[in-house]
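Right, one structure below, let's go through it.
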Amino acid sequence: MNARLNTAVLIPCYNEEAAVGEVIRDFRGVLPHARIYVYDNNSRDNTIEVARAAGATVRTESLQGKGNVVRRMFADIEADVYVLVDGDATYDAATAPEMIRCLLDNQLDMVNGARVTAISEAYRPGHRFGNWLLTGIVRWIFGDRFRDMLSGYRVFSRRYVKSFPSLANGFEIETELTVHALHLRMPTAEIATPYKDRPEGSTSKLSTFKDGFRILWMILKLIKNEKPISFFLVIAGFFAVSSVILMVPILSEFFATGLVPRLPTAVLSMSMMILGFLSLACGLILDTVTRGRCEIKRMRYLNIPVIEG
């Protein structure tokens, strides 16, 4: 690995005094030339003191939520290579050099660390199923390139970080990170990395159902924003099919008797068909707008020079 490259390890933290010191020491051991930053997100324990004692540069972000912290880190820190990892000591620091080599040797923009573990306490069945379901939706809609979309362990190029328009507030940030790479068709890779349970005294801040629904809502918003023609085509199809179902018996009765006794149903059917056409028109218009936005983001991305390994 080129020691002249400016590498930054970014560790977002919230109440991680039991784990953050171990994370800093582990990454200092495998990436001795890297600068390590801990961004504290209103911790009520001694996370800041432990991180400083371990040798990290500590800063704070007052807006609560991992998405807000990541947005702040990406804006503040200048580097050639960025390593983003959670501060809970569940990810394997020894994989970081391999991920960075993969990024540099292949001139990639993101390398995702896919979690591999047999420890049920580390990766609970509910989280595993939710990750499989949500990752499957993103793979189906945006492209089949990642197996672990919700991993908190990634390596980025400067090109990626400085062109990423972060909008997420909480744990849905991983979804946004993944879709940004997929939508712009950035060169990416995924490397398996060991995953272990948290050290004693460290507790998960992820709520299976609450954060799961927030991630699902983020996926729906990203589909609407990045693939509006597909999003509104589904809505248009729903209204069109409903209109036809309502109209069939009315037309049958009209051809048989020449009468339309159920006028309100006929009006409802025509209204739903009109809504279907309006949804289709919205999708077509927004698709044109989205293509223009995508071109602007792509040009911003290409304006940042590639890092030579």
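The way I read the labels, and the way they are meant: chains A, B, ... in the order of the structure tokens, residue 1 as the first residue of every chain, and ligand 1 as the first ligand shown, with later ones counted on from there.
Surrounding segment 239-244 of chain A within 7 Å are Ser269, Met270, Met272, Met273, Leu275 and Gly276 of chain A, with only C-alpha atoms counted and residues fewer than 5 positions along the same chain left out.
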Would you list the contacts of Ala89 of chain A as a list in words, taking every protein, DNA or RNA residue within 7 Å and counting only C-alpha atoms, but skipping same-chain residues closer than 5 positions in sequence?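 Everything that qualifies: Ala19, Val20, Glu22, Val23 and Arg198 of chain A.
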Take the residues from that selection and write them out as a compact mmCIF listing (two decimals), in the first residue's frame, keeping N, CA and C atoms.
# COMPACT_ATOMS: atom_id res chain seq x y z
N ALA A 19 -16.15 0.07 23.51
CA ALA A 19 -15.63 -0.55 22.30
C ALA A 19 -14.70 0.35 21.49
N VAL A 20 -14.89 1.67 21.57
CA VAL A 20 -14.19 2.55 20.63
C VAL A 20 -12.68 2.50 20.80
N GLU A 22 -10.81 -0.09 21.52
CA GLU A 22 -10.35 -1.28 20.80
C GLU A 22 -10.35 -1.05 19.30
N VAL A 23 -11.39 -0.38 18.79
CA VAL A 23 -11.47 -0.10 17.36
C VAL A 23 -10.30 0.77 16.92
N ARG A 198 -20.44 -7.77 19.97
CA ARG A 198 -19.93 -6.59 20.66
C ARG A 198 -19.20 -6.98 21.95
Hey, what's within 12 Å of Ile285 of chain A if we count only C-alpha atoms and toss same-chain stuff fewer than 6 positions away? As a list in words, please? Lys227, Pro228, Ile229, Phe232, Leu278, Ser279, Arg291 and Gly292 of chain A
Can you write out the residues you just picked, keeping N, CA and C atoms, as a PDB file, in the first residue's frame?
ATOM      1  N   LYS A 227     -35.705   6.494  -9.883  1.00  0.00           N
ATOM      2  CA  LYS A 227     -36.379   5.730 -10.939  1.00  0.00           C
ATOM      3  C   LYS A 227     -37.866   6.088 -10.965  1.00  0.00           C
ATOM      4  N   PRO A 228     -38.172   7.361 -11.241  1.00  0.00           N
ATOM      5  CA  PRO A 228     -39.574   7.804 -11.153  1.00  0.00           C
ATOM      6  C   PRO A 228     -40.492   7.125 -12.160  1.00  0.00           C
ATOM      7  N   ILE A 229     -39.981   6.771 -13.328  1.00  0.00           N
ATOM      8  CA  ILE A 229     -40.854   6.137 -14.319  1.00  0.00           C
ATOM      9  C   ILE A 229     -41.349   4.793 -13.810  1.00  0.00           C
ATOM     10  N   PHE A 232     -43.937   5.572 -10.726  1.00  0.00           N
ATOM     11  CA  PHE A 232     -45.252   6.071 -11.112  1.00  0.00           C
ATOM     12  C   PHE A 232     -45.960   5.131 -12.087  1.00  0.00           C
ATOM     13  N   LEU A 278     -52.523  10.574 -15.396  1.00  0.00           N
ATOM     14  CA  LEU A 278     -51.766  11.647 -14.755  1.00  0.00           C
ATOM     15  C   LEU A 278     -50.508  11.102 -14.072  1.00  0.00           C
ATOM     16  N   SER A 279     -50.616   9.939 -13.432  1.00  0.00           N
ATOM     17  CA  SER A 279     -49.444   9.317 -12.804  1.00  0.00           C
ATOM     18  C   SER A 279     -48.390   8.963 -13.834  1.00  0.00           C
ATOM     19  N   ARG A 291     -32.934  12.332 -15.182  1.00  0.00           N
ATOM     20  CA  ARG A 291     -31.794  12.129 -16.084  1.00  0.00           C
ATOM     21  C   ARG A 291     -30.878  13.343 -16.073  1.00  0.00           C
ATOM     22  N   GLY A 292     -31.472  14.529 -16.030  1.00  0.00           N
ATOM     23  CA  GLY A 292     -30.658  15.735 -15.958  1.00  0.00           C
ATOM     24  C   GLY A 292     -29.877  15.808 -14.650  1.00  0.00           C
TER      25      GLY A 292
END
Under the rule that only C-alpha atoms are counted, which of A:Ala79, A:Ala8, A:Cys13, A:Ile36 is the nearest residue to Thr60 of chain A?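 Closest candidate: A:Cys13.
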Show which residues sit within 10 Å of segment 63-66 of chain A, as an MDAnalysis selection string. Count only C-alpha atoms, and ignore same-chain residues fewer than 6 positions away. chainID A and resid 12:14 39:43 72 86 168:174
Just how far from atom CA of Arg185 of chain A is atom CA of Ile137 of chain A, in Å to one decimal?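 Taking atom CA of Ile137 of chain A and atom CA of Arg185 of chain A, their separation equals 17.5 Å.
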Long-range neighbours of segment 210-217 of chain A as a count of residues only, 12 Å cut-off, only C-alpha atoms, 2 positions minimum in chain: 37
Please measure the separation of atom CA of Arg147 of chain A and atom CA of Pro187 of chain A, giving the value in Å to one decimal.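 Going from atom CA of Arg147 of chain A over to atom CA of Pro187 of chain A, I get 15.8 Å.
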Separation of atom CA of Ala114 of chain A from atom CA of Leu84 of chain A, in Å and rounded to one decimal: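 Computing the Euclidean distance for atom CA of Ala114 of chain A and atom CA of Leu84 of chain A yields 13.4 Å.
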